[in-house]
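Raw target.txt, compact mmCIF, C-alpha atoms:
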# COMPACT_ATOMS: atom_id res chain seq x y z
CA MET V 227 4.10 -11.35 31.79
CA ASP V 228 0.82 -9.48 32.15
CA LEU V 229 -0.64 -7.21 29.51
CA VAL V 230 0.42 -3.93 31.13
CA GLN V 231 4.00 -5.19 31.42
CA MET V 232 3.98 -6.30 27.77
CA GLN V 233 2.69 -2.89 26.68
CA LYS V 234 5.39 -1.14 28.73
CA SER V 235 8.07 -3.44 27.25
CA LEU V 236 6.86 -2.56 23.75
CA GLN V 237 6.94 1.16 24.47
CA ASP V 238 10.44 0.94 25.99
CA TYR V 239 11.65 -1.18 23.09
CA THR V 240 10.24 1.22 20.51
CA LYS V 241 11.76 4.20 22.33
CA SER V 242 15.17 2.53 22.33
CA LEU V 243 15.05 2.15 18.53
CA PHE V 244 14.57 5.91 18.21
CA LEU V 245 17.20 6.75 20.81
CA GLU V 246 19.74 4.53 19.03
CA GLY V 247 18.95 6.29 15.75
CA ILE V 248 17.86 3.04 14.12
CA LEU V 249 14.45 4.58 13.38
CA ASP V 250 13.54 8.22 12.80
CA GLY V 251 10.36 10.32 12.72
CA GLN V 252 9.22 8.86 9.42
CA PHE V 253 8.44 5.57 11.21
CA LEU V 254 6.12 7.51 13.53
CA GLN V 255 4.39 8.92 10.44
CA LEU V 256 3.69 5.37 9.29
CA GLN V 257 2.34 4.38 12.70
CA GLN V 258 0.01 7.39 12.62
CA LEU V 259 -1.33 6.27 9.24
CA GLN V 260 -2.30 2.87 10.66
CA ASP V 261 -5.95 2.72 11.60
CA GLU V 262 -8.96 0.39 11.94
CA SER V 263 -9.38 0.27 8.16
CA ASN V 264 -5.77 -0.91 7.78
CA PRO V 265 -4.53 -2.32 11.11
CA ASP V 266 -1.49 -4.02 9.55
CA PHE V 267 -0.35 -1.05 7.49
CA VAL V 268 3.06 -0.64 9.13
CA SER V 269 4.00 -4.30 8.93
CA GLN V 270 2.78 -4.42 5.30
CA VAL V 271 4.99 -1.51 4.29
CA VAL V 272 7.94 -2.84 6.27
CA THR V 273 7.53 -6.27 4.65
CA LEU V 274 7.65 -4.61 1.22
CA PHE V 275 10.80 -2.82 2.34
CA PHE V 276 12.40 -6.14 3.41
CA GLN V 277 11.51 -7.76 0.05
CA ASP V 278 12.84 -4.77 -1.90
CA SER V 279 16.03 -4.55 0.14
CA ASP V 280 16.83 -8.27 -0.05
CA ARG V 281 16.62 -8.05 -3.84
CA ILE V 282 18.65 -4.83 -4.07
CA LEU V 283 21.40 -6.07 -1.75
CA ASN V 284 21.67 -9.25 -3.79
CA ASP V 285 21.94 -7.26 -7.04
CA LEU V 286 24.54 -4.96 -5.47
CA SER V 287 26.68 -7.90 -4.36
CA LEU V 288 26.59 -9.33 -7.89
CA SER V 289 27.37 -5.96 -9.52
CA LEU V 290 30.30 -5.23 -7.24
CA ASP V 291 31.74 -8.70 -7.78
CA GLN V 292 32.09 -8.18 -11.53
CA GLN V 293 35.60 -7.90 -13.01
CA VAL V 294 34.75 -4.43 -14.23
CA VAL V 295 32.23 -2.73 -11.98
CA ASP V 296 29.49 -0.87 -13.87
CA PHE V 297 28.69 2.08 -11.60
CA LYS V 298 25.78 3.00 -13.86
CA LYS V 299 24.16 -0.15 -12.48
CA VAL V 300 25.36 0.19 -8.89
CA ASP V 301 24.31 3.79 -8.25
CA PRO V 302 20.58 3.46 -9.09
CA HIS V 303 20.31 0.45 -6.77
CA VAL V 304 21.86 2.40 -3.90
CA HIS V 305 19.61 5.36 -4.69
CA GLN V 306 16.56 3.11 -4.57
CA LEU V 307 17.58 1.59 -1.25
CA LYS V 308 18.26 5.05 0.14
CA GLY V 309 14.76 6.09 -0.95
CA SER V 310 12.89 3.14 0.51
CA SER V 311 14.85 3.12 3.78
CA SER V 312 14.15 6.83 4.14
CA SER V 313 10.44 6.21 3.48
CA ILE V 314 10.10 3.77 6.35
CA GLY V 315 12.35 5.69 8.74
CA ALA V 316 15.31 3.29 8.69
CA GLN V 317 17.68 6.15 9.39
CA ARG V 318 20.98 4.29 9.73
CA VAL V 319 20.41 2.33 6.52
CA LYS V 320 19.64 5.59 4.72
CA ASN V 321 22.77 7.28 6.09
CA ALA V 322 24.91 4.31 5.06
CA CYS V 323 23.46 4.60 1.55
CA VAL V 324 24.38 8.29 1.40
CA VAL V 325 28.03 7.42 2.12
CA PHE V 326 27.85 4.57 -0.39
CA ARG V 327 26.60 6.90 -3.14
CA ASN V 328 29.51 9.29 -2.55
CA PHE V 329 31.97 6.47 -3.18
CA CYS V 330 29.97 5.36 -6.23
CA GLU V 331 30.43 8.86 -7.63
CA GLN V 332 34.17 8.55 -7.07
CA GLN V 333 34.05 5.06 -8.63
CA ASN V 334 36.05 3.73 -5.69
CA VAL V 335 35.46 -0.04 -5.88
CA GLU V 336 37.19 -0.95 -2.63
CA ALA V 337 35.35 1.69 -0.64
CA CYS V 338 32.07 0.58 -2.24
CA HIS V 339 32.68 -2.97 -1.05
CA ARG V 340 33.13 -1.63 2.49
CA CYS V 341 30.01 0.50 2.13
CA LEU V 342 27.99 -2.49 1.00
CA GLN V 343 29.07 -4.37 4.13
CA GLN V 344 28.08 -1.39 6.25
CA VAL V 345 24.67 -1.10 4.56
CA LYS V 346 24.07 -4.82 5.01
CA GLN V 347 25.00 -4.57 8.70
CA GLU V 348 22.60 -1.69 9.31
CA TYR V 349 19.88 -3.40 7.28
CA TYR V 350 20.11 -6.68 9.21
CA LEU V 351 20.08 -4.71 12.44
CA VAL V 352 16.89 -2.78 11.62
CA LYS V 353 15.30 -5.93 10.18
CA ASN V 354 16.01 -7.85 13.36
CA ARG V 355 14.73 -5.04 15.60
CA LEU V 356 11.54 -4.50 13.60
CA GLU V 357 10.80 -8.23 13.54
CA THR V 358 11.12 -8.22 17.34
CA LEU V 359 8.87 -5.16 17.54
CA PHE V 360 6.16 -6.85 15.47
CA LYS V 361 6.42 -10.02 17.60
CA LEU V 362 5.87 -7.95 20.75
CA GLU V 363 2.84 -6.31 19.13
CA GLN V 364 1.42 -9.68 18.12
CA GLN V 365 1.81 -10.99 21.68
CA ILE V 366 -0.15 -8.00 23.00
CA VAL V 367 -2.92 -8.39 20.41
CA ALA V 368 -3.07 -12.17 21.07
CA SER V 369 -3.57 -11.39 24.77
CA GLY V 370 -6.52 -9.19 23.90
CA GLY V 371 -4.69 -5.91 24.40
CA MET V 372 -4.21 -2.79 22.29
CA ILE V 373 -0.95 -1.47 20.96
CA PRO V 374 -0.16 1.68 22.97
CA ALA V 375 0.53 4.86 21.00
CA VAL V 376 4.19 5.78 20.98
CA GLU V 377 4.98 8.62 23.38
CA LEU V 378 8.56 9.60 22.97
CA GLY V 379 8.64 12.54 25.35
CA PHE V 380 11.49 14.24 23.53
CA MET J 326 -2.87 14.46 12.60
CA THR J 327 -6.42 13.52 13.55
CA ARG J 328 -9.26 13.45 11.09
CA ASP J 329 -10.77 16.53 12.77
CA GLN J 330 -7.54 18.47 12.39
CA ILE J 331 -7.35 17.47 8.74
CA ALA J 332 -10.96 18.54 8.21
CA GLU J 333 -10.13 21.94 9.74
CA GLU J 334 -7.14 22.38 7.44
CA LEU J 335 -9.10 21.58 4.32
CA PRO J 336 -12.81 22.31 4.68
CA ASN J 337 -15.04 20.58 2.17
CA LEU J 338 -12.20 18.35 1.01
CA ALA J 339 -14.47 15.32 1.39
CA GLU J 340 -17.05 16.95 -0.85
CA SER J 341 -14.61 17.93 -3.54
CA LYS J 342 -13.93 14.30 -4.59
CA LEU J 343 -10.41 14.97 -5.76
CA THR J 344 -8.56 12.35 -7.74
CA ALA J 345 -4.84 11.67 -7.83
CA LEU J 346 -2.36 9.52 -9.73
CA VAL J 347 0.70 8.14 -7.93
CA VAL J 348 3.63 7.66 -10.30
CA ASP J 349 6.46 5.78 -8.55
CA ASP J 350 8.47 2.63 -9.25
CA SER J 351 8.91 1.73 -5.57
CA PHE J 352 6.21 -0.46 -4.00
CA VAL J 353 7.13 0.95 -0.59
CA ASN J 354 6.47 4.51 -1.75
CA GLN J 355 3.37 3.57 -3.74
CA THR J 356 1.82 2.02 -0.61
CA ILE J 357 2.67 5.00 1.58
CA HIS J 358 1.52 7.63 -0.91
CA GLN J 359 -1.75 5.81 -1.55
CA LYS J 360 -2.37 5.55 2.19
CA LEU J 361 -1.69 9.27 2.66
CA LEU J 362 -4.15 10.10 -0.14
CA ASN J 363 -6.75 7.67 1.25
CA ARG J 364 -6.42 9.31 4.67
CA LEU J 365 -7.36 12.63 3.05
CA GLY J 366 -10.26 11.03 1.19
CA ILE J 367 -8.63 11.47 -2.23
CA GLU J 368 -9.45 8.72 -4.75
CA ASN J 369 -6.26 7.49 -6.34
CA ASP J 370 -4.64 5.13 -8.81
CA VAL J 371 -1.03 4.08 -9.13
CA VAL J 372 1.36 3.44 -12.02
CA THR J 373 5.00 2.37 -11.91
CA ASN J 374 6.75 4.68 -14.35
CA GLY J 375 6.38 7.80 -16.46
CA LYS J 376 5.37 5.92 -19.61
CA GLU J 377 2.47 4.25 -17.80
CA ALA J 378 1.37 7.69 -16.58
CA VAL J 379 1.37 9.04 -20.14
CA ASP J 380 -0.47 5.92 -21.38
CA VAL J 381 -3.15 6.34 -18.72
CA TYR J 382 -3.78 9.90 -19.89
CA CYS J 383 -3.77 8.78 -23.53
CA SER J 384 -6.47 6.28 -22.65
CA GLY J 385 -8.68 9.20 -21.65
CA ARG J 386 -8.35 9.15 -17.87
CA ASN J 387 -7.77 12.38 -16.04
CA TYR J 388 -6.72 13.26 -12.50
CA ASP J 389 -6.71 16.51 -10.50
CA LEU J 390 -3.27 15.81 -9.07
CA ILE J 391 -0.24 13.73 -10.08
CA LEU J 392 2.41 12.80 -7.50
CA MET J 393 5.41 12.30 -9.77
CA ASP J 394 8.58 10.54 -8.68
CA MET J 395 11.74 11.56 -10.52
CA ASP J 396 13.82 8.39 -10.91
CA MET J 397 11.91 5.68 -12.71
CA PRO J 398 12.84 3.19 -15.43
CA ILE J 399 11.60 3.45 -19.05
CA MET J 400 10.47 7.09 -18.66
CA ASN J 401 11.53 9.19 -15.69
CA GLY J 402 9.58 11.97 -13.99
CA ILE J 403 11.17 14.81 -15.93
CA GLN J 404 10.46 13.16 -19.29
CA ALA J 405 6.92 12.22 -18.26
CA THR J 406 6.14 15.73 -16.99
CA LYS J 407 7.42 17.30 -20.23
CA ARG J 408 5.41 14.81 -22.30
CA LEU J 409 2.20 15.40 -20.37
CA ARG J 410 2.55 19.18 -20.74
CA GLU J 411 3.25 18.78 -24.47
CA MET J 412 0.01 16.81 -24.67
CA GLY J 413 -1.75 19.82 -23.14
CA ILE J 414 -2.47 18.09 -19.82
CA GLU J 415 -3.29 20.69 -17.19
CA SER J 416 -3.48 18.43 -14.14
CA LYS J 417 -1.47 19.74 -11.22
CA ILE J 418 1.81 17.86 -11.02
CA ALA J 419 3.77 17.73 -7.77
CA GLY J 420 7.30 16.36 -8.06
CA VAL J 421 8.16 14.09 -5.14
CA THR J 422 11.76 12.95 -4.95
CA THR J 423 14.71 12.35 -2.68
CA ARG J 424 16.89 14.30 -5.08
CA ALA J 425 17.12 17.67 -3.50
CA ASN J 426 20.10 19.53 -4.92
CA GLU J 427 19.16 22.87 -6.46
CA GLY J 428 20.16 21.90 -10.00
CA GLU J 429 18.08 18.72 -10.05
CA LYS J 430 15.12 20.47 -8.43
CA LYS J 431 15.30 23.28 -11.02
CA GLU J 432 15.40 20.82 -13.91
CA PHE J 433 12.37 18.98 -12.56
CA MET J 434 10.42 22.21 -11.93
CA GLU J 435 11.23 23.49 -15.42
CA ALA J 436 9.81 20.30 -16.93
CA GLY J 437 6.40 21.65 -15.88
CA LEU J 438 5.76 20.94 -12.21
CA ASN J 439 3.36 23.03 -10.13
CA ASP J 440 5.02 22.08 -6.83
CA PHE J 441 7.90 20.06 -5.44
CA GLN J 442 8.29 18.15 -2.18
CA GLU J 443 11.21 16.19 -0.85
CA LYS J 444 10.54 12.57 0.02
CA PRO J 445 9.57 10.97 2.27
CA LEU J 446 6.04 12.32 2.01
CA THR J 447 4.08 12.94 5.18
CA ILE J 448 0.53 14.13 5.85
CA SER J 449 1.73 17.69 6.40
CA LYS J 450 3.79 17.73 3.18
CA LEU J 451 0.78 16.45 1.25
CA LEU J 452 -1.43 19.11 2.88
CA SER J 453 1.17 21.70 1.91
CA ILE J 454 0.94 20.53 -1.73
CA LEU J 455 -2.88 20.70 -1.64
CA HIS J 456 -2.84 24.18 -0.06
CA LYS J 457 -0.31 25.47 -2.57
CA LEU J 458 -2.32 24.13 -5.47
CA ASN J 459 -5.55 25.60 -4.05
CA PHE J 460 -7.23 22.25 -3.68
CA TYR J 461 -10.06 23.17 -1.41
CA VAL J 462 -13.52 24.35 -2.14
CA GLN J 463 -14.32 27.72 -0.64
CA THR J 464 -17.91 28.30 0.39
Kindly transcribe the structure held in the file into structure tokens.
Amino acid sequence: MDLVQMQKSLQDYTKSLFLEGILDGQFLQLQQLQDESNPDFVSQVVTLFFQDSDRILNDLSLSLDQQVVDFKKVDPHVHQLKGSSSSIGAQRVKNACVVFRNFCEQQNVEACHRCLQQVKQEYYLVKNRLETLFKLEQQIVASGGMIPAVELGF
Amino acid sequence: MTRDQIAEELPNLAESKLTALVVDDSFVNQTIHQKLLNRLGIENDVVTNGKEAVDVYCSGRNYDLILMDMDMPIMNGIQATKRLREMGIESKIAGVTTRANEGEKKEFMEAGLNDFQEKPLTISKLLSILHKLNFYVQT
């Protein structure tokens, strides 16, 4: 694949993530903050998000598996995940966390279990897509090209 | 926003050498907020909870602006804001949180904030904070 094709593939792939609602405008904000002084800014922040989220999801699984679920422990975790997913533009993860928090408030254990599965699903989806995105970027840079600016046209 | 557009919005910002303290327990948010501040040429430090913010001020450091998260362990943003105001600290404090219901916002403002912005922060929200708090030098 030549460089121009790779750049077009990257643009189309990025656009699809927005059209599917997996990413929102906040991700664009992060891309706009990336510059020559910090060319890996987006992947650095996203890596922090992955590390945070892996830990939180693990803690949530443990908390919800207790005989007596302590919602005072569960809710702050979900709030934190909602915050960090919102900060990187992982819209579907954030929305799943909003639903999760509602059921935490109602102390509905069964619904919370379902919510956790939903959050995990959305998280693994965005993680997979972003890892692919970064791989495409690396291929372009390795071929001596530049990452094209995202033009969404909507 | 380009650097030229930012310079138009806030003339003489580069000369004013503003300083800011980021108070947030999330590494994701710390990194983003620091980058936003760096982009606007604002020197900044970061701490991970309200108690560390109070300790930094007790050690004699001062900042023009504090970006204060609300939910943090050990000492949250409301407690830290109250404590800093009790200490007579007059730095501008902008509350930055995902909690947006009117009651929570009111409680945070009443603790002593000068401004409030909903997360996630962006360049334009940060500029809005700086404008509101009159952080530009007029010639």
- Test item: chain V residues at most 10 Å from chain J, counting only C-alpha atoms, as JSON, numbers by chain: {"V": [252, 255, 256, 258, 259, 260, 261, 264, 267, 268, 270, 271, 272, 273, 274, 275, 276, 277, 278, 302, 305, 306, 307, 308, 309, 310, 311, 312, 313, 314, 315]}
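The residue that comes closest to Leu229 of chain V, out of V:Ala375, V:Ala368, V:Val319, V:Lys299 and on the basis of all atoms listed in the file, is V:Ala368.
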- Between atom CA of Val347 of chain J and atom CA of Phe460 of chain J, what is the spacing in Å?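 The value is 16.7 Å.
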- Task: Name the residues within 12 Å of (33.3, -0.1, -5.1), counting all atoms listed in the file in the file's coordinates, and put them as number ranges by chain.
- Result: V: 286-301, 304, 325-343
Residues of the last selection are to be written out with C-alpha atoms, as an mmCIF file, in the coordinates of the input.
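Contents of again.cif, freshly written:
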data_model
loop_
_atom_site.group_PDB
_atom_site.id
_atom_site.type_symbol
_atom_site.label_atom_id
_atom_site.label_comp_id
_atom_site.auth_asym_id
_atom_site.auth_seq_id
_atom_site.Cartn_x
_atom_site.Cartn_y
_atom_site.Cartn_z
ATOM 1 C CA LEU V 286 24.540 -4.960 -5.470
ATOM 2 C CA SER V 287 26.680 -7.900 -4.360
ATOM 3 C CA LEU V 288 26.590 -9.330 -7.890
ATOM 4 C CA SER V 289 27.370 -5.960 -9.520
ATOM 5 C CA LEU V 290 30.300 -5.230 -7.240
ATOM 6 C CA ASP V 291 31.740 -8.700 -7.780
ATOM 7 C CA GLN V 292 32.090 -8.180 -11.530
ATOM 8 C CA GLN V 293 35.600 -7.900 -13.010
ATOM 9 C CA VAL V 294 34.750 -4.430 -14.230
ATOM 10 C CA VAL V 295 32.230 -2.730 -11.980
ATOM 11 C CA ASP V 296 29.490 -0.870 -13.870
ATOM 12 C CA PHE V 297 28.690 2.080 -11.600
ATOM 13 C CA LYS V 298 25.780 3.000 -13.860
ATOM 14 C CA LYS V 299 24.160 -0.150 -12.480
ATOM 15 C CA VAL V 300 25.360 0.190 -8.890
ATOM 16 C CA ASP V 301 24.310 3.790 -8.250
ATOM 17 C CA VAL V 304 21.860 2.400 -3.900
ATOM 18 C CA VAL V 325 28.030 7.420 2.120
ATOM 19 C CA PHE V 326 27.850 4.570 -0.390
ATOM 20 C CA ARG V 327 26.600 6.900 -3.140
ATOM 21 C CA ASN V 328 29.510 9.290 -2.550
ATOM 22 C CA PHE V 329 31.970 6.470 -3.180
ATOM 23 C CA CYS V 330 29.970 5.360 -6.230
ATOM 24 C CA GLU V 331 30.430 8.860 -7.630
ATOM 25 C CA GLN V 332 34.170 8.550 -7.070
ATOM 26 C CA GLN V 333 34.050 5.060 -8.630
ATOM 27 C CA ASN V 334 36.050 3.730 -5.690
ATOM 28 C CA VAL V 335 35.460 -0.040 -5.880
ATOM 29 C CA GLU V 336 37.190 -0.950 -2.630
ATOM 30 C CA ALA V 337 35.350 1.690 -0.640
ATOM 31 C CA CYS V 338 32.070 0.580 -2.240
ATOM 32 C CA HIS V 339 32.680 -2.970 -1.050
ATOM 33 C CA ARG V 340 33.130 -1.630 2.490
ATOM 34 C CA CYS V 341 30.010 0.500 2.130
ATOM 35 C CA LEU V 342 27.990 -2.490 1.000
ATOM 36 C CA GLN V 343 29.070 -4.370 4.130
#
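Atom CA of Thr358 of chain V to atom CA of His358 of chain J spans 26.0 Å [interatomic distance, one decimal].
Closest approach to Gln231 of chain V among V:Gly371, V:Ser269, V:Arg318, V:Gly247 is made by V:Gly371 (distances from all atoms listed in the file).
Rounded to one decimal, atom CA of Lys342 of chain J and atom CA of Glu435 of chain J lie 28.9 Å from each other.
Of the residues listed (V:Ala316, V:Val230, V:Val345, V:Cys323), V:Ala316 shows the shortest atom-to-atom separation from Phe244 of chain V; distances use only C-alpha atoms.
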May I have the centre and edge lengths, in Å to one decimal, of an axis-aligned box around the listed atoms of segment 440-455 of chain J with 5 Å added to every side, as JSON?
{"center_x": 4.2, "center_y": 16.5, "center_z": -0.2, "size_x": 24.1, "size_y": 21.1, "size_z": 23.2}
- Task: Measuring atom to atom with all atoms listed in the file, identify which of V:Ile248, V:Ile366, V:Leu254, V:Ile373 is nearest to Gln317 of chain V.
- Result: V:Ile248
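For the residues V:Val367, V:Asp250, V:Asn321, V:Leu359, ranking by smallest atom-to-atom distance to Gln237 of chain V using all atoms listed in the file places V:Leu359 first.
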- Task: Could you tell me which of J:Met393, J:Met400, J:Lys417, J:Asp380 comes closest to Glu443 of chain J if we count all atoms listed in the file?
- Result: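 Using all atoms listed in the file, Glu443 of chain J sits closest to J:Met393.
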Would you fill out segment 344-361 of chain V with N, CA, C and O atoms and return it as a tab-separated table (two decimals), keeping the file's coordinate frame?
chain	number	residue	atom	x	y	z
V	344	GLN	N	28.67	-2.27	5.25
V	344	GLN	CA	28.08	-1.39	6.25
V	344	GLN	C	26.56	-1.32	6.08
V	344	GLN	O	25.80	-1.41	7.06
V	345	VAL	N	26.12	-1.17	4.83
V	345	VAL	CA	24.67	-1.10	4.56
V	345	VAL	C	24.00	-2.40	4.99
V	345	VAL	O	22.95	-2.39	5.63
V	346	LYS	N	24.64	-3.52	4.66
V	346	LYS	CA	24.07	-4.82	5.01
V	346	LYS	C	23.95	-4.94	6.53
V	346	LYS	O	22.92	-5.38	7.05
V	347	GLN	N	25.00	-4.51	7.23
V	347	GLN	CA	25.00	-4.57	8.70
V	347	GLN	C	23.82	-3.79	9.28
V	347	GLN	O	23.07	-4.27	10.12
V	348	GLU	N	23.68	-2.55	8.80
V	348	GLU	CA	22.60	-1.69	9.31
V	348	GLU	C	21.24	-2.26	8.93
V	348	GLU	O	20.28	-2.19	9.70
V	349	TYR	N	21.16	-2.82	7.74
V	349	TYR	CA	19.88	-3.40	7.28
V	349	TYR	C	19.49	-4.59	8.16
V	349	TYR	O	18.35	-4.69	8.63
V	350	TYR	N	20.43	-5.51	8.39
V	350	TYR	CA	20.11	-6.68	9.21
V	350	TYR	C	19.76	-6.28	10.63
V	350	TYR	O	18.90	-6.88	11.27
V	351	LEU	N	20.39	-5.21	11.10
V	351	LEU	CA	20.08	-4.71	12.44
V	351	LEU	C	18.64	-4.21	12.51
V	351	LEU	O	17.86	-4.61	13.38
V	352	VAL	N	18.25	-3.33	11.58
V	352	VAL	CA	16.89	-2.78	11.62
V	352	VAL	C	15.86	-3.88	11.35
V	352	VAL	O	14.79	-3.90	11.96
V	353	LYS	N	16.22	-4.83	10.49
V	353	LYS	CA	15.30	-5.93	10.18
V	353	LYS	C	15.03	-6.75	11.45
V	353	LYS	O	13.89	-7.04	11.80
V	354	ASN	N	16.11	-7.07	12.13
V	354	ASN	CA	16.01	-7.85	13.36
V	354	ASN	C	15.17	-7.11	14.41
V	354	ASN	O	14.26	-7.69	15.04
V	355	ARG	N	15.44	-5.82	14.59
V	355	ARG	CA	14.73	-5.04	15.60
V	355	ARG	C	13.26	-4.90	15.28
V	355	ARG	O	12.39	-4.97	16.14
V	356	LEU	N	12.95	-4.66	13.98
V	356	LEU	CA	11.54	-4.50	13.60
V	356	LEU	C	10.79	-5.82	13.73
V	356	LEU	O	9.63	-5.85	14.14
V	357	GLU	N	11.46	-6.93	13.39
V	357	GLU	CA	10.80	-8.23	13.54
V	357	GLU	C	10.47	-8.48	15.01
V	357	GLU	O	9.40	-8.99	15.35
V	358	THR	N	11.37	-8.09	15.89
V	358	THR	CA	11.12	-8.22	17.34
V	358	THR	C	9.95	-7.34	17.76
V	358	THR	O	9.06	-7.76	18.51
V	359	LEU	N	9.95	-6.10	17.23
V	359	LEU	CA	8.87	-5.16	17.54
V	359	LEU	C	7.51	-5.74	17.15
V	359	LEU	O	6.55	-5.72	17.93
V	360	PHE	N	7.43	-6.30	15.95
V	360	PHE	CA	6.16	-6.85	15.47
V	360	PHE	C	5.74	-8.06	16.30
V	360	PHE	O	4.56	-8.27	16.56
V	361	LYS	N	6.73	-8.85	16.74
V	361	LYS	CA	6.42	-10.02	17.60
V	361	LYS	C	5.81	-9.54	18.91
V	361	LYS	O	4.83	-10.11	19.39
